[in-house]
Amino acid sequence: MHTKPESVRPRTARTAGLLAVCLVAGLVTTTVSSTPSAAAALPSGFTDSLVVGGLDSPTNVAFAPDGRVFITEKRGLLKTYDTLTDTSPTVTADLQPQVQDFWDRGLLGVTVDPAYPTRPYVYVAYTHDAEPGGAAPRWGDECPTPPGATEDGCVVTGRLSRLTVNPATGVATGSEHVLVTDWCQQFPSHSIGTITFGPDGALYAGAGDGANFNSADWGQQGNPCADPPSAAGVNLSPPNARGGALRTQSPRRPAGEPVSLDGTIIRINPDTGAGMAGNPFAGSADANAKRVIAYGMRNPFRFAFRPGTNEIWAGDVGWVRWEEINRIPNATDAVAENFGWPCYEGTPTVSAYDDANLTACESLYTGGGHAVPYHSYFHPDPVAPNDGCPTGGSSISGVAFESGSGYPDTYRRALFFADSSRGCVWVMRAGANGLPDPTRIEPFVTGVNVPVQLLTGPGGDLFYLALGSGQLRRVSYPGGRNLEPTAVATANPTGGPVPLTVEFSGLGSSDPNPDTTLTYAWDLDGDGQYDDSTADRPQWTYTTPQAVDVGLKVTDDGGLTGTTTVRVTAGVPGENPVVTIADPTAALRWSVGQTVPFAGTATDAQDGPLPASAMDWQLTLQHCTSSTSCHAHNLQSFRGVESGSFVAPDHEYPSFLDLRLTATDSDGNTGTTTIRLDPATVNLEFTSYPPGAQLTVGTVTQAAPFTRTFIAGSNNTISAPSPQTLAQGLRHQFTGWSDGGEQSHNFIAPAAPATYRANYQLCLYNC
């Protein structure tokens, strides 16, 4: 460890050369929170309208030059809509066999060739369900124990591919053209992310570190990615470990060692996947090094180009303290920015890595050559004063620039950014120099159900994907070029015995703009899709007892929409199924790695006992930063089963599990029940001899003695910085831990209370 005031070392500006090269998920991380969805809160004068609903965990959207809209679903489906008003999507490609949809892994990125449809290519980025050098599927959409999702990890890779699409149908033809397969990922988060074209015609992609998110990771848990200095299967240890999160620093490895793409942004040829000429390491013999333009990021899940420039602005998902917005001033130059992860997070060093005396970090501390974030925000603090958004858990999950919108002039050239854990979007207005000004941040959209992407689209409006609500939404300013129409729907009759024939009308709908023609799209069967009729006065017959919220969407000539619903009651609707979770019960206290069986039943007044095919389970991890602030990670789904089992995951405390069972009867009525499952916990004491030593446990450093609470069976990191000034103000050096571990090592939290003591001895002249 290198002496420093309060673990803070200022970062230096970007520097050319190998040591200057640098460049995070879920969920973004790609996460699911309890934030409500649908219409969110906006500044005065703005509207937030639904464009596409009924999506299954949407992760990314891309607008094609010909008006098509491509949307990815996390499970591995790529869908296309002919226009923004199309209500009947086409499945462009089903990639589910090769995609691992587990925790924050899945199909997470899509972009369209700028010359589409002349060049009829769509590009996708996903978690490839295969080990390095292996074939898919390896694990399926789960991770058995062993190896355990958060113990030794189900190792997978990332993949970037090009699909050829028939412009007339929107369906992919021929085989998948793989451009890059790499991005070794041991743990189920910080996977692949954004792919986009730059103004130079090159294809850009980013990905996270694939490392442990619960504790410091330098390759000490099996080293399955074969990071140096040892072979796969050999645990790495300080000071020379270069695995785990340190893969993000791989461009700084000694000559001849392999370069990883984890934690980087790459710039490649969209036809071959090779690094572009002029890239910072174009002269390297390593194919991956040739691709890298920036590195040293934990998870650059979403990034965007500032319009009219070659600048990349990347949101880097932080660990426990800081979220970053990083700026690459020129993505086409010969400089590779190094943003410092895992040695730095925000401006401070990361004590869990600093205290381990890792050469990869120590050389960065003393030699410099890393880039400061353009802006960062602290997890416990509001992003903007009085923004009304939650604090604590944070995951920056969207970056976009205003470009050609009808928004007020004060929004010109502004930067928008989102946080999926906080459920908010903010605007950073441009300053006098034209760049976004961190002193001018304000809330823009609040109360969003897990925003995972921001982008500008038709009309220059800001669009966002809400993963939690399964929606693509559009933020417009009615004071601009167009005004949103108002939908009005009537039904005659609104109820009666089955079969019930109902006549609907949307003729009461209106648009405030003159000479505008409205088009109609109806959801007459209540399935959330506006694909049943385009008439202004449709008719529909209901043959089974049910209560249906019939939806109407009207669209004006400018593409703005308005929606409404009208309730129709056909016959006597059946009651919702009664759902019971028999096992486990709330009395369970689970430990990490424990196999937990589950079983449930569902009965219905009309159908009687429901079969297993009617039941769906969802396991969710609630990650809490306090007793009142939690955000959710969907871990695993179990569809069409009445019983099964899962392995309790590893995560820092406080956290707990929600297990939800939903049953659907023959009428489409649903019943749901959820049980909260709390972990078994243990209090562990950390002491030193002499007393008062600064010890690092996980991500927090404090003076011993102290006590922490852990989930039983969890894997944690402890470190004893050395040397330190202790008794009588004299220098002492570390001699050993009471558990026999190395100066920095991992330990498994036991079931019973225990004490871990760090021993030091006086060293007057040699430390």
# chains A, B, ... in the order shown; residues from 1 in each chain; ligands from 1
$ select_by_dssp --residues "range 648-723 of chain A" --states "strand (DSSP E or B)" --output "PDB file with C-alpha atoms, in the first residue's frame"
ATOM      1  CA  SER A 655     -29.951  -8.317   1.260  1.00  0.00           C
ATOM      2  CA  PHE A 656     -32.769 -10.853   1.059  1.00  0.00           C
ATOM      3  CA  LEU A 657     -34.656 -12.952  -1.488  1.00  0.00           C
ATOM      4  CA  ASP A 658     -38.203 -12.630  -2.829  1.00  0.00           C
ATOM      5  CA  LEU A 659     -39.788 -15.773  -4.291  1.00  0.00           C
ATOM      6  CA  ARG A 660     -42.936 -15.059  -6.314  1.00  0.00           C
ATOM      7  CA  LEU A 661     -45.426 -17.572  -7.697  1.00  0.00           C
ATOM      8  CA  THR A 662     -47.956 -16.509 -10.341  1.00  0.00           C
ATOM      9  CA  ALA A 663     -50.732 -18.771 -11.656  1.00  0.00           C
ATOM     10  CA  THR A 664     -52.942 -18.123 -14.693  1.00  0.00           C
ATOM     11  CA  THR A 670     -53.924 -14.392 -12.537  1.00  0.00           C
ATOM     12  CA  GLY A 671     -53.140 -14.812  -8.871  1.00  0.00           C
ATOM     13  CA  THR A 672     -49.792 -14.038  -7.301  1.00  0.00           C
ATOM     14  CA  THR A 673     -48.144 -14.525  -3.942  1.00  0.00           C
ATOM     15  CA  THR A 674     -44.649 -13.590  -2.786  1.00  0.00           C
ATOM     16  CA  ILE A 675     -42.618 -14.789   0.159  1.00  0.00           C
ATOM     17  CA  ARG A 676     -39.653 -12.956   1.648  1.00  0.00           C
ATOM     18  CA  LEU A 677     -36.685 -15.159   2.519  1.00  0.00           C
ATOM     19  CA  PRO A 679     -30.586 -14.993   5.145  1.00  0.00           C
ATOM     20  CA  THR A 681     -26.444 -13.933   9.416  1.00  0.00           C
ATOM     21  CA  VAL A 682     -23.422 -13.908  11.678  1.00  0.00           C
ATOM     22  CA  ASN A 683     -21.577 -11.151  13.528  1.00  0.00           C
ATOM     23  CA  LEU A 684     -17.815 -11.289  13.083  1.00  0.00           C
ATOM     24  CA  GLU A 685     -15.279  -9.273  15.086  1.00  0.00           C
ATOM     25  CA  PHE A 686     -12.094  -7.840  13.584  1.00  0.00           C
ATOM     26  CA  THR A 687      -9.266  -6.915  15.929  1.00  0.00           C
ATOM     27  CA  SER A 688      -5.572  -6.136  15.760  1.00  0.00           C
ATOM     28  CA  TYR A 689      -2.540  -6.434  17.974  1.00  0.00           C
ATOM     29  CA  GLN A 694      -6.757   0.170   9.985  1.00  0.00           C
ATOM     30  CA  LEU A 695      -8.256  -3.010   8.497  1.00  0.00           C
ATOM     31  CA  THR A 696     -10.149  -3.356   5.224  1.00  0.00           C
ATOM     32  CA  VAL A 697     -13.126  -5.701   5.141  1.00  0.00           C
ATOM     33  CA  VAL A 700     -14.703  -0.411   3.957  1.00  0.00           C
ATOM     34  CA  THR A 701     -11.590   0.456   5.948  1.00  0.00           C
ATOM     35  CA  GLN A 702     -11.787   1.302   9.667  1.00  0.00           C
ATOM     36  CA  ALA A 703      -9.836   1.092  12.908  1.00  0.00           C
ATOM     37  CA  PHE A 706     -15.046  -3.458  15.067  1.00  0.00           C
ATOM     38  CA  THR A 707     -17.893  -5.874  14.299  1.00  0.00           C
ATOM     39  CA  ARG A 708     -19.654  -6.534  10.984  1.00  0.00           C
ATOM     40  CA  THR A 709     -22.682  -8.584   9.982  1.00  0.00           C
ATOM     41  CA  PHE A 710     -22.356 -11.106   7.138  1.00  0.00           C
ATOM     42  CA  ILE A 711     -24.552 -13.658   5.414  1.00  0.00           C
ATOM     43  CA  ASN A 715     -17.178 -15.037   0.404  1.00  0.00           C
ATOM     44  CA  ASN A 716     -15.440 -11.877   1.616  1.00  0.00           C
ATOM     45  CA  THR A 717     -12.106 -10.095   1.322  1.00  0.00           C
ATOM     46  CA  ILE A 718      -9.996  -8.858   4.251  1.00  0.00           C
ATOM     47  CA  SER A 719      -6.747  -6.957   4.128  1.00  0.00           C
TER      48      SER A 719
END
$ residues_around --residues "Thr332 in chain A" --least-positions-apart "3" --cutoff "8 Å" --atoms "only C-alpha atoms" --output "ChimeraX atom specification"
/A:200,278-279,310
$ residues_around --residues "Pro390 in chain A" --least-positions-apart "2" --cutoff "9 Å" --atoms "only C-alpha atoms" --output "PyMOL selection string"
chain A and resi 382+387-388+392-394+421-424+629
$ closest_residue --among "A:Phe187, A:Tyr464, A:Tyr204, A:Tyr295" --to "Ile71 in chain A" --atoms "only C-alpha atoms"
A:Tyr464
$ residues_around --residues "Gly736 in chain A" --least-positions-apart "2" --cutoff "12 Å" --atoms "only C-alpha atoms" --output "VMD selection string"
chain A and resid 688 to 689 719 to 722 733 to 734 738 to 745 756 to 761
$ residues_around --residues "Asp141 in chain A" --least-positions-apart "4" --cutoff "9 Å" --atoms "only C-alpha atoms" --output "JSON, numbers by chain"
{"A": [75, 99, 100, 101, 102, 103, 129, 636, 637]}
$ closest_residue --among "A:Tyr530, A:Leu500, A:Thr173, A:Arg327" --to "Pro89 in chain A" --atoms "only C-alpha atoms"
A:Tyr530
$ atom_distance --atom1 "CA of Pro690 in chain A" --atom2 "CA of Ala704 in chain A"
9.4 Å
$ atom_distance --atom1 "CA of Asp536 in chain A" --atom2 "CA of Gly45 in chain A"
29.3 Å
$ atom_distance --atom1 "CA of Asp316 in chain A" --atom2 "CA of Glu257 in chain A"
25.9 Å
$ residues_around --residues "Glu73 in chain A" --least-positions-apart "3" --cutoff "7 Å" --atoms "only C-alpha atoms" --output "PyMOL selection string"
chain A and resi 56-59+76-78+107
$ write_last_selection --atoms "all heavy atoms" --output "mmCIF file, in the first residue's frame"
data_model
loop_
_atom_site.group_PDB
_atom_site.id
_atom_site.type_symbol
_atom_site.label_atom_id
_atom_site.label_comp_id
_atom_site.auth_asym_id
_atom_site.auth_seq_id
_atom_site.Cartn_x
_atom_site.Cartn_y
_atom_site.Cartn_z
ATOM 1 N N ASP A 56 -40.910 -8.239 -23.070
ATOM 2 C CA ASP A 56 -40.396 -9.123 -22.031
ATOM 3 C C ASP A 56 -38.958 -8.723 -21.725
ATOM 4 O O ASP A 56 -38.031 -9.087 -22.438
ATOM 5 C CB ASP A 56 -40.461 -10.572 -22.515
ATOM 6 C CG ASP A 56 -40.086 -11.576 -21.435
ATOM 7 O OD1 ASP A 56 -39.427 -11.186 -20.452
ATOM 8 O OD2 ASP A 56 -40.446 -12.759 -21.569
ATOM 9 N N SER A 57 -38.773 -7.940 -20.667
ATOM 10 C CA SER A 57 -37.444 -7.460 -20.245
ATOM 11 C C SER A 57 -36.644 -6.890 -21.417
ATOM 12 O O SER A 57 -35.597 -7.419 -21.800
ATOM 13 C CB SER A 57 -36.662 -8.589 -19.570
ATOM 14 O OG SER A 57 -37.279 -9.004 -18.391
ATOM 15 N N PRO A 58 -37.124 -5.783 -22.001
ATOM 16 C CA PRO A 58 -36.381 -5.175 -23.114
ATOM 17 C C PRO A 58 -35.079 -4.561 -22.627
ATOM 18 O O PRO A 58 -35.007 -4.025 -21.521
ATOM 19 C CB PRO A 58 -37.344 -4.099 -23.620
ATOM 20 C CG PRO A 58 -38.126 -3.704 -22.394
ATOM 21 C CD PRO A 58 -38.291 -4.987 -21.615
ATOM 22 N N THR A 59 -34.036 -4.651 -23.454
ATOM 23 C CA THR A 59 -32.727 -4.178 -23.035
ATOM 24 C C THR A 59 -32.136 -3.114 -23.941
ATOM 25 O O THR A 59 -31.336 -2.302 -23.485
ATOM 26 C CB THR A 59 -31.739 -5.353 -22.958
ATOM 27 O OG1 THR A 59 -31.739 -6.052 -24.214
ATOM 28 C CG2 THR A 59 -32.110 -6.319 -21.836
ATOM 29 N N GLY A 76 -33.144 -13.278 -25.357
ATOM 30 C CA GLY A 76 -32.478 -13.672 -26.587
ATOM 31 C C GLY A 76 -33.278 -13.464 -27.854
ATOM 32 O O GLY A 76 -32.889 -13.959 -28.918
ATOM 33 N N LEU A 77 -34.389 -12.723 -27.780
ATOM 34 C CA LEU A 77 -35.184 -12.423 -28.971
ATOM 35 C C LEU A 77 -34.875 -11.022 -29.475
ATOM 36 O O LEU A 77 -34.788 -10.076 -28.693
ATOM 37 C CB LEU A 77 -36.679 -12.524 -28.673
ATOM 38 C CG LEU A 77 -37.275 -13.906 -28.417
ATOM 39 C CD1 LEU A 77 -38.790 -13.808 -28.269
ATOM 40 C CD2 LEU A 77 -36.920 -14.871 -29.541
ATOM 41 N N LEU A 78 -34.715 -10.898 -30.805
ATOM 42 C CA LEU A 78 -34.615 -9.607 -31.473
ATOM 43 C C LEU A 78 -35.899 -9.406 -32.263
ATOM 44 O O LEU A 78 -36.232 -10.212 -33.142
ATOM 45 C CB LEU A 78 -33.406 -9.567 -32.404
ATOM 46 C CG LEU A 78 -33.275 -8.330 -33.299
ATOM 47 C CD1 LEU A 78 -33.110 -7.065 -32.473
ATOM 48 C CD2 LEU A 78 -32.114 -8.498 -34.280
ATOM 49 N N LEU A 107 -29.163 -10.910 -23.917
ATOM 50 C CA LEU A 107 -29.019 -10.157 -25.162
ATOM 51 C C LEU A 107 -29.161 -8.680 -24.805
ATOM 52 O O LEU A 107 -30.246 -8.212 -24.493
ATOM 53 C CB LEU A 107 -30.091 -10.588 -26.165
ATOM 54 C CG LEU A 107 -30.184 -9.817 -27.481
ATOM 55 C CD1 LEU A 107 -28.869 -9.822 -28.236
ATOM 56 C CD2 LEU A 107 -31.310 -10.390 -28.339
#
$ closest_atom_pairs --of "range 208-320 of chain A" --to "range 118-124 of chain A" --cutoff "12 Å" --atoms "only C-alpha atoms" --output "JSON lines"
{"residue": "A:Pro270", "atom": "CA", "partner": "A:Tyr123", "partner_atom": "CA", "distance": 8.8}
{"residue": "A:Asp271", "atom": "CA", "partner": "A:Tyr121", "partner_atom": "CA", "distance": 9.8}
{"residue": "A:Gly273", "atom": "CA", "partner": "A:Tyr123", "partner_atom": "CA", "distance": 11.4}
